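Chemist: I'd like to ask some things about the structure below.
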Amino acid sequence: MLTISGALHDKIVAHARADHPDEACGVVAGPAGTDRADRFIPMTNSARSPTFYEFDSMELLRTWREMDERDEEPVIIYHSHTATEAYPSRTDISYANEPGAHYVLVSTRDAEHAEFRSFRISSGVVTEEEVRVTQE
Amino acid sequence: MAIEVRIPTILRSYTDGAKSVEGSGATLAELLADLEARHGGLRERLVDDKGLRRFVNVYLNDEDVRFLGGLETPLKDGDAVTVLPAVAGGATAGAAAGAAAGAAAGPGPVA
């Protein structure tokens with residue numbers, strides 16, 4: 001199960017809406033071993049594409065180094081699908097490299113209602129999990 | 001000549017769980033060959049017959065080696081090399097796939 005504050009949930013959705021129709025992507029870091037999504041880090045999609053995302057390589061280095069120094073982990077890795085459902089594509093599954101992370105997908109295909117779903121992706125296997133949004 | 005190499009979580013199965021290992025070589029290619037002697041299988045995850053894999057990033061100090069010299073990037077004692085798999089994906093629905101997705105279809109995934 002993914003537990004996330006309403007504030008962080010809204011930030012992820014707002015980022016996805018802002019970059020629509022391109023895919024948006026980013027990380028929520030948290031203290032290592034706690035599974036607590038804490039620190040919102042929107043990333044630049046260097047592909048700037050409606051069907052593909054890739055974290056900018058220099059931002060990736062800076063962010064992963066910073067998490068290492070702060071003893072944090074990528075608790076959530078999120079990205080948006082802008083014309084399809086919020087479910088991992090074959091591409092998402094083949095490039096998923098953080099088996100410990102919650103992979104959050106947001107779909108912005110509906111202008112009114114954003115789908116927000118969370119998955120574990122490990123060794124090519126996708127498992128959907130419940131999302132609990134807390135009031136903070 | 002010692003060069004520190006930082007290994008991402010997903011590849012630590014090749015380094016007995018170590019976050020960083022040491023190696024030597026005058027170029028990145030030589031360093032990876034040296035590492036392969038002690039950490040068999042690691043090199044294969046980073047390079048294919050065309051060079052560095054598309055979805056793995058290798059940095060020398062603070063620079064992406066793609067902007068330096070790729071596998072021919074010269075190294076010196078005290079350098080730090082960091083390996084990070086790309087964080088990538090996307091809807092990439094068949095014919096709708098754009099240019100970036102076309103690039104993704106090339107080399108295999110990192111993991």
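Identifiers in the structure tokens: chain A, B, ... in order shown; residue index from 1 per chain; ligand index from 1 in order shown.
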Can you work out which residues from chain A touch chain B at a cut-off of 6 Å (counting only C-alpha atoms) and hand them back as JSON, numbers by chain?
Modeler: {"A": [51, 52, 53, 54, 55, 81, 89, 91, 92, 94, 95]}
Chemist: I'd like the contact shell of Gly41 (chain B) - 12 Å cut-off, only C-alpha atoms, skipping same-chain residues fewer than 5 positions apart - returned as a VMD selection string.
Modeler: chain B and resid 11 to 15 32 to 33 35 to 36 46 to 47
Chemist: Just list as a VMD selection string whatever in chain B DSSP marks as alpha helix (DSSP H).
Modeler: chain B and resid 28 to 38 42 to 46 99 to 104
Chemist: Against region 74-78 of chain A, which residues of region 8-34 of chain A fall within 9 Å? For each one I want the closest pair of atoms and the distance in Å (one decimal), counting only C-alpha atoms, rows by chain and increasing residue number, as CSV.
Modeler:
residue,atom,partner,partner_atom,distance
A:Ile12,CA,A:Tyr78,CA,7.7
A:Ala24,CA,A:Tyr78,CA,8.1
A:Cys25,CA,A:Tyr78,CA,5.5
A:Gly26,CA,A:Tyr78,CA,5.4
A:Val27,CA,A:Ile77,CA,4.6
A:Val28,CA,A:Ile76,CA,4.9
A:Ala29,CA,A:Pro74,CA,4.6
A:Gly30,CA,A:Val75,CA,5.8
A:Pro31,CA,A:Val75,CA,8.5
A:Ala32,CA,A:Val75,CA,8.5
A:Thr34,CA,A:Val75,CA,8.8
Chemist: From the options A:Ser49, A:Asp38, A:Ser122, A:Ala86, which residue's atoms come nearest to Met67 (chain A), counting only C-alpha atoms?
Modeler: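 Of all the options, A:Asp38 lies closest to Met67 (chain A).
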Chemist: What parts of region 23-92 of chain B does DSSP call strand (DSSP E)? I'd like the answer as a PyMOL selection string.
Modeler: chain B and resi 23+47-48+51-52+56-60+63-64+80-85+88-89
Chemist: Quick one: everything within 12 Å of His9 (chain A), counting only C-alpha atoms, minus sequence neighbours fewer than 3 positions away in the same chain. Send it as a PyMOL selection string.
Modeler: chain A and resi 2-6+12-16+27-28+37-40+76+78+104-106+114-118+131-136
Chemist: Quick one: distance from CA of Asp77 (chain B) to CA of Glu66 (chain A) in Å, one decimal?
Modeler: 24.4 Å
Chemist: If you measure from CA of Glu69 (chain A) to CA of Leu8 (chain A), what distance in Å do you get, rounded to one decimal?
Modeler: 22.5 Å
Chemist: Report as a count of residues only all protein, DNA and RNA residues lying within 10 Å of Glu30 (chain B), evaluated on only C-alpha atoms, omitting residues in the same chain fewer than 3 positions from it.
Modeler: 14
Chemist: Check the smallest atom-to-atom distance from each of A:Glu112, A:Asp68, A:Glu130, A:Glu73 to Lys19 (chain B) using only C-alpha atoms, then report the winner.
Modeler: A:Asp68
Chemist: Hey, can you check how far CA of Lys50 (chain B) sits from CA of Ser57 (chain A)?
Modeler: 20.0 Å
